[in-house]
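Here is the file protein07.tsv (TSV, C-alpha atoms).
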chain	number	residue	atom	x	y	z
T	1	MET	CA	125.63	118.42	71.15
T	2	THR	CA	129.19	118.31	72.48
T	3	ILE	CA	130.42	115.77	75.01
T	4	GLN	CA	130.47	118.45	77.72
T	5	LYS	CA	126.87	119.45	77.00
T	6	SER	CA	125.83	115.80	76.89
T	7	VAL	CA	127.39	115.21	80.30
T	8	LEU	CA	125.61	118.28	81.66
T	9	THR	CA	122.27	117.14	80.23
T	10	VAL	CA	122.61	113.66	81.75
T	11	SER	CA	123.72	115.15	85.07
T	12	ARG	CA	120.77	117.55	85.15
T	13	PHE	CA	118.38	114.70	84.41
T	14	ILE	CA	119.83	112.58	87.25
T	15	GLN	CA	119.66	115.54	89.61
T	16	ALA	CA	115.97	116.06	88.88
T	17	ALA	CA	114.81	112.44	88.67
T	18	ALA	CA	116.96	110.48	91.12
T	19	LEU	CA	115.38	111.51	94.42
T	20	PRO	CA	111.68	111.01	93.52
T	21	LEU	CA	112.47	107.75	91.70
T	22	LEU	CA	114.54	106.27	94.52
T	23	LEU	CA	112.07	107.31	97.22
T	24	ASN	CA	109.13	105.82	95.31
T	25	TRP	CA	110.77	102.93	93.46
T	26	ALA	CA	108.15	100.46	94.67
T	27	ASN	CA	105.52	102.41	92.70
T	28	PHE	CA	107.49	102.46	89.46
T	29	SER	CA	106.37	100.34	86.51
T	30	PHE	CA	107.79	100.10	83.01
T	31	HIS	CA	104.18	99.80	81.80
T	32	ASP	CA	103.22	103.18	83.23
T	33	TRP	CA	103.38	105.08	79.94
T	34	PRO	CA	102.27	108.46	81.33
T	35	PHE	CA	105.03	108.36	83.92
T	36	LEU	CA	107.58	107.33	81.29
T	37	ALA	CA	106.43	110.36	79.30
T	38	LEU	CA	107.17	112.53	82.34
T	39	ILE	CA	110.63	110.97	82.46
T	40	GLY	CA	110.97	112.00	78.81
T	41	LEU	CA	109.77	115.47	79.76
T	42	THR	CA	112.49	115.63	82.43
T	43	ILE	CA	115.11	114.69	79.83
T	44	ALA	CA	113.80	117.38	77.49
T	45	LEU	CA	113.90	120.00	80.25
T	46	ALA	CA	117.42	118.94	81.20
T	47	ALA	CA	118.50	119.34	77.57
T	48	LEU	CA	116.79	122.67	76.93
T	49	ALA	CA	119.54	124.89	78.29
T	50	THR	CA	122.34	122.86	76.70
T	51	THR	CA	121.11	122.74	73.11
T	52	ALA	CA	121.30	125.17	70.21
T	53	ARG	CA	117.72	124.22	69.29
T	54	PRO	CA	115.53	125.14	72.28
T	55	GLY	CA	112.46	125.36	70.05
T	56	THR	CA	112.63	121.68	69.09
T	57	TRP	CA	113.10	120.54	72.67
T	58	THR	CA	110.29	122.85	73.84
T	59	ILE	CA	107.85	121.28	71.37
T	60	ALA	CA	108.94	117.81	72.49
T	61	ALA	CA	108.54	118.83	76.14
T	62	PHE	CA	105.07	120.27	75.50
T	63	THR	CA	103.95	117.03	73.84
T	64	LEU	CA	105.39	114.87	76.61
T	65	ALA	CA	103.76	117.06	79.27
T	66	ILE	CA	100.33	116.37	77.78
T	67	ILE	CA	100.96	112.62	77.44
T	68	GLY	CA	102.45	112.43	80.93
T	69	SER	CA	99.41	114.09	82.49
T	70	SER	CA	96.88	111.91	80.66
T	71	ASN	CA	96.09	109.77	83.71
T	72	GLN	CA	96.25	112.68	86.19
T	73	TRP	CA	95.09	115.86	84.50
T	74	ALA	CA	95.71	117.78	87.71
T	75	LEU	CA	99.42	117.50	86.85
T	76	LEU	CA	99.03	119.25	83.50
T	77	PRO	CA	99.30	122.86	84.79
T	78	LEU	CA	102.45	121.93	86.72
T	79	ALA	CA	103.96	120.12	83.73
T	80	LEU	CA	103.18	122.97	81.34
T	81	ALA	CA	104.59	125.49	83.82
T	82	GLN	CA	107.87	123.56	83.77
T	83	VAL	CA	107.92	123.70	79.97
T	84	GLY	CA	107.42	127.46	80.09
T	85	LEU	CA	110.08	127.94	82.74
T	86	GLY	CA	112.49	125.70	80.85
T	87	TRP	CA	111.96	127.71	77.68
T	88	LEU	CA	112.59	130.99	79.54
T	89	LEU	CA	115.78	129.65	81.13
T	90	ALA	CA	116.99	128.47	77.72
T	91	THR	CA	116.24	131.62	75.76
T	92	GLN	CA	116.80	134.54	78.13
T	93	LYS	CA	120.21	136.05	78.77
T	94	MET	CA	121.09	135.82	82.45
T	95	SER	CA	124.06	135.42	84.73
T	96	VAL	CA	125.38	131.95	85.50
T	97	LYS	CA	124.16	132.21	89.10
T	98	SER	CA	120.68	133.16	87.93
T	99	ALA	CA	120.64	130.25	85.48
T	100	ILE	CA	121.70	127.79	88.20
T	101	SER	CA	119.10	129.25	90.56
T	102	GLY	CA	116.37	128.98	87.95
T	103	TRP	CA	117.29	125.36	87.30
T	104	LEU	CA	117.18	124.55	91.04
T	105	ILE	CA	113.68	126.01	91.21
T	106	GLU	CA	112.69	123.92	88.20
T	107	VAL	CA	114.26	120.80	89.74
T	108	THR	CA	112.07	121.26	92.82
T	109	PHE	CA	108.87	121.31	90.77
T	110	ILE	CA	110.00	118.44	88.51
T	111	GLN	CA	110.60	116.35	91.63
T	112	LEU	CA	107.13	117.23	92.90
T	113	MET	CA	105.60	116.33	89.54
T	114	LEU	CA	107.36	112.96	89.34
T	115	SER	CA	106.53	112.08	92.95
T	116	ALA	CA	102.89	113.05	92.51
T	117	SER	CA	102.67	110.88	89.39
T	118	LEU	CA	104.20	107.87	91.15
T	119	THR	CA	102.16	108.14	94.35
T	120	HIS	CA	98.97	109.71	92.93
T	121	GLY	CA	99.24	112.36	95.60
T	122	LEU	CA	101.76	113.97	97.92
T	123	THR	CA	102.15	114.02	101.67
T	124	THR	CA	102.69	117.40	103.26
T	125	LEU	CA	106.35	116.72	104.01
T	126	VAL	CA	107.47	115.57	100.55
T	127	PRO	CA	107.44	119.08	99.02
T	128	VAL	CA	109.25	120.38	102.10
T	129	VAL	CA	112.08	117.85	101.69
T	130	PHE	CA	112.60	118.72	98.02
T	131	ALA	CA	112.40	122.44	98.72
T	132	LEU	CA	114.85	122.32	101.64
T	133	ILE	CA	117.51	120.33	99.78
T	134	ASN	CA	117.36	122.62	96.75
T	135	ALA	CA	117.21	125.74	98.91
T	136	LEU	CA	120.41	124.67	100.66
T	137	LEU	CA	122.05	124.29	97.25
T	138	LEU	CA	120.72	127.71	96.31
T	139	LEU	CA	122.49	129.18	99.32
T	140	SER	CA	125.77	127.64	98.13
T	141	VAL	CA	125.30	129.32	94.72
T	142	TRP	CA	124.95	132.77	96.31
T	143	ALA	CA	127.40	132.15	99.17
T	144	ASP	CA	129.84	134.81	97.99
T	145	GLN	CA	127.08	137.42	98.05
T	146	LEU	CA	126.10	136.78	101.66
T	147	PRO	CA	127.94	137.69	104.86
T	148	LEU	CA	129.44	134.55	106.36
T	149	TRP	CA	127.33	134.83	109.51
T	150	ALA	CA	124.11	135.18	107.47
T	151	LEU	CA	125.06	132.19	105.31
T	152	ALA	CA	125.73	130.07	108.40
T	153	VAL	CA	122.43	131.10	110.01
T	154	LEU	CA	120.42	130.30	106.87
T	155	ILE	CA	122.09	126.91	106.36
T	156	LEU	CA	121.58	125.95	110.00
T	157	ALA	CA	117.96	127.14	109.80
T	158	GLY	CA	117.36	124.91	106.77
T	159	LEU	CA	119.02	121.91	108.38
T	160	GLY	CA	117.26	122.58	111.68
T	161	THR	CA	113.88	122.71	109.96
T	162	GLY	CA	114.51	119.40	108.23
T	163	TYR	CA	115.67	117.81	111.49
T	164	TRP	CA	112.73	119.22	113.46
T	165	LEU	CA	110.34	117.76	110.88
T	166	GLN	CA	112.15	114.42	111.33
T	167	GLN	CA	113.12	114.31	107.65
T	168	PHE	CA	116.84	115.03	108.05
T	169	THR	CA	119.07	112.93	110.27
T	170	LEU	CA	122.18	114.22	111.98
T	171	SER	CA	124.25	112.17	109.51
T	172	PHE	CA	122.56	113.85	106.55
T	173	CYS	CA	123.01	117.30	108.11
T	174	ALA	CA	126.72	116.56	108.50
T	175	ALA	CA	126.91	115.41	104.86
T	176	VAL	CA	125.22	118.62	103.72
T	177	LEU	CA	127.73	120.72	105.66
T	178	VAL	CA	130.61	118.83	104.05
T	179	VAL	CA	129.22	119.24	100.52
T	180	LEU	CA	128.38	122.91	100.97
T	181	SER	CA	131.74	123.69	102.52
T	182	VAL	CA	133.45	122.39	99.37
T	183	LEU	CA	130.97	123.43	96.67
T	184	ASN	CA	130.07	127.06	97.17
T	185	THR	CA	130.91	130.24	95.32
T	186	ARG	CA	133.24	131.38	98.07
T	187	ARG	CA	135.54	128.54	96.99
T	188	ILE	CA	134.76	127.79	93.33
T	189	LYS	CA	133.56	129.66	90.27
T	190	ALA	CA	129.83	129.51	89.59
T	191	THR	CA	129.35	126.91	86.85
T	192	MET	CA	126.39	124.60	86.34
T	193	LEU	CA	128.06	121.19	86.45
T	194	PRO	CA	129.60	121.20	89.97
T	195	PHE	CA	126.36	122.38	91.54
T	196	THR	CA	124.44	119.77	89.56
T	197	TRP	CA	126.74	117.08	90.93
T	198	ALA	CA	126.29	118.52	94.41
T	199	GLY	CA	122.54	118.05	94.00
T	200	ILE	CA	123.04	114.44	92.90
T	201	ALA	CA	125.36	113.78	95.86
T	202	LEU	CA	122.85	115.14	98.37
T	203	SER	CA	119.97	113.18	96.82
T	204	LEU	CA	121.89	109.89	96.92
T	205	THR	CA	123.10	110.58	100.45
T	206	PHE	CA	119.57	111.36	101.63
T	207	VAL	CA	118.24	108.08	100.21
T	208	LEU	CA	121.13	105.94	101.47
T	209	ILE	CA	120.87	107.32	104.98
T	210	ARG	CA	117.10	106.83	104.98
T	211	ILE	CA	117.49	103.21	103.81
T	212	HIS	CA	120.12	102.38	106.45
T	213	GLY	CA	118.57	104.47	109.19

Mind converting the file's structure to structure tokens?
Amino acid sequence: MTIQKSVLTVSRFIQAAALPLLLNWANFSFHDWPFLALIGLTIALAALATTARPGTWTIAAFTLAIIGSSNQWALLPLALAQVGLGWLLATQKMSVKSAISGWLIEVTFIQLMLSASLTHGLTTLVPVVFALINALLLLSVWADQLPLWALAVLILAGLGTGYWLQQFTLSFCAAVLVVLSVLNTRRIKATMLPFTWAGIALSLTFVLIRIHG
């Protein structure tokens, strides 16, 4: 694996794992072997699309999915679905935008899986937060395909929904607008790494603003 692919793999892992880990850090334990297996699964899924050996990583991911679900078997269908989606994204020919979009969908479900494992259940709003943040990134990926007015309406609708549900603050909404104004396909070429970093930036910003009110 080249340095560039290694950086992308690490970045994809951080994008998927940072938000659920930081939001539920009090529930994390280094002795929670099933959860650590799910962390390993996240690494395997992050590496799938950047390796020349997707079969090896898929087998590793499948094994880790079973181990990671051993204390909550209800998670197994979700974990196995992520392995299947990861394999499809790694082996099927698709445009860069489609690949980024597929990864953002997978990130959403990985975040749900990790959060559910840490908390042994999910509140109604947790999936909404993950979905909204990744949906806003998805809009930035397809920004050049949407009329500017439609893009603005959809972004404001997403931010407004998060604010109405009292999950997004005005500061976070402003941060999202800044990130999306810089990182969108109207301004830059669609490549995986910048949009991965955008996801990391939004996750860290969301947590920092929540911590400091």

Subject >> Near-range 140-155 of chain T list (12 Å; all atoms listed in the file; drop same-chain fewer than 5 positions) as a count of residues only >> reply: 42

Original post:
With distances taken over only C-alpha atoms, which of T:Leu204, T:Thr51, T:Pro127, T:Gly86 is nearest to Thr2 in chain T?
Top reply: T:Thr51

Original post:
Expressed in Å to a single decimal, how great is the separation between CA of Thr9 in chain T and CA of Ile211 in chain T?
Top reply: 27.8 Å

Subject >> Length of the CA of Ile66 in chain T to CA of Leu22 in chain T vector [Å] >> reply: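 Computing the Euclidean distance for CA of Ile66 in chain T and CA of Leu22 in chain T yields 24.2 Å.
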
Original post:
In Å, with one decimal, what is the gap from CA of Pro20 in chain T to CA of Trp197 in chain T?
Top reply: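 Distance between the two atoms: 16.4 Å.
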
**OP:** For Val107 in chain T, work out the shell of residues within 10 Å, counting all atoms listed in the file and skipping chain neighbours fewer than 3 positions away, then give it as JSON, numbers by chain.
**Re:** {"T": [12, 13, 15, 16, 17, 42, 45, 46, 82, 101, 102, 103, 104, 110, 111, 112, 113, 130, 131, 134, 199]}

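Using all atoms listed in the file, the shortest contact distance between Ile209 in chain T and any of T:Gln167, T:Ser29, T:Ser69, T:Thr124 is found at T:Gln167.
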
**OP:** Go ahead and find all residues with at least one atom no further than 12 Å from (110.6, 129.1, 80.0) in the file's coordinates, using all atoms listed in the file; report them as a list in words.
**Re:** Leu45, Leu48, Ala49, Pro54, Gly55, Trp57, Thr58, Ile59, Ala61, Phe62, Ala79, Leu80, Ala81, Gln82, Val83, Gly84, Leu85, Gly86, Trp87, Leu88, Leu89, Ala90, Thr91, Gln92, Lys93, Ala99, Gly102, Trp103 and Glu106 of chain T

**OP:** For each of T:Leu114, T:Ile39, T:Ile200, T:Leu138, take the minimum atom-to-atom distance to Ser11 in chain T, counting only C-alpha atoms, then give the residue where this is smallest.
**Re:** T:Ile200

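The nearest approach to Leu165 in chain T among the residues T:Gly121, T:Val129, T:Ile14, T:Ala65, with only C-alpha atoms taken into account, belongs to T:Val129.
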
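The residue set within 12 Å of His212 in chain T, counting all atoms listed in the file and dropping same-chain residues fewer than 4 places from it, reads Thr169, Ser171, Phe172, Thr205, Phe206, Val207 and Leu208 of chain T.
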
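Neighbours of Asp32 in chain T closer than or equal to 10 Å, with all atoms listed in the file counted and sequence neighbours fewer than 2 positions away skipped, come out as Asn27, Phe28, Ser29, Phe30, Pro34, Phe35, Leu36, Ala37, Gly68, Asn71, Ser117 and Leu118 of chain T.
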
**OP:** Select, from T:Thr50, T:Ser115, T:Ser6, T:Ser203, the residue with the minimum atom-to-atom distance to Leu75 in chain T, counting all atoms listed in the file.
**Re:** T:Ser115

**OP:** Could you check which of T:Leu136, T:His120, T:His31, T:Leu159 is closest to Trp73 in chain T, using only C-alpha atoms?
**Re:**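 Once distances to Trp73 in chain T are computed over only C-alpha atoms, the minimum belongs to T:His120.
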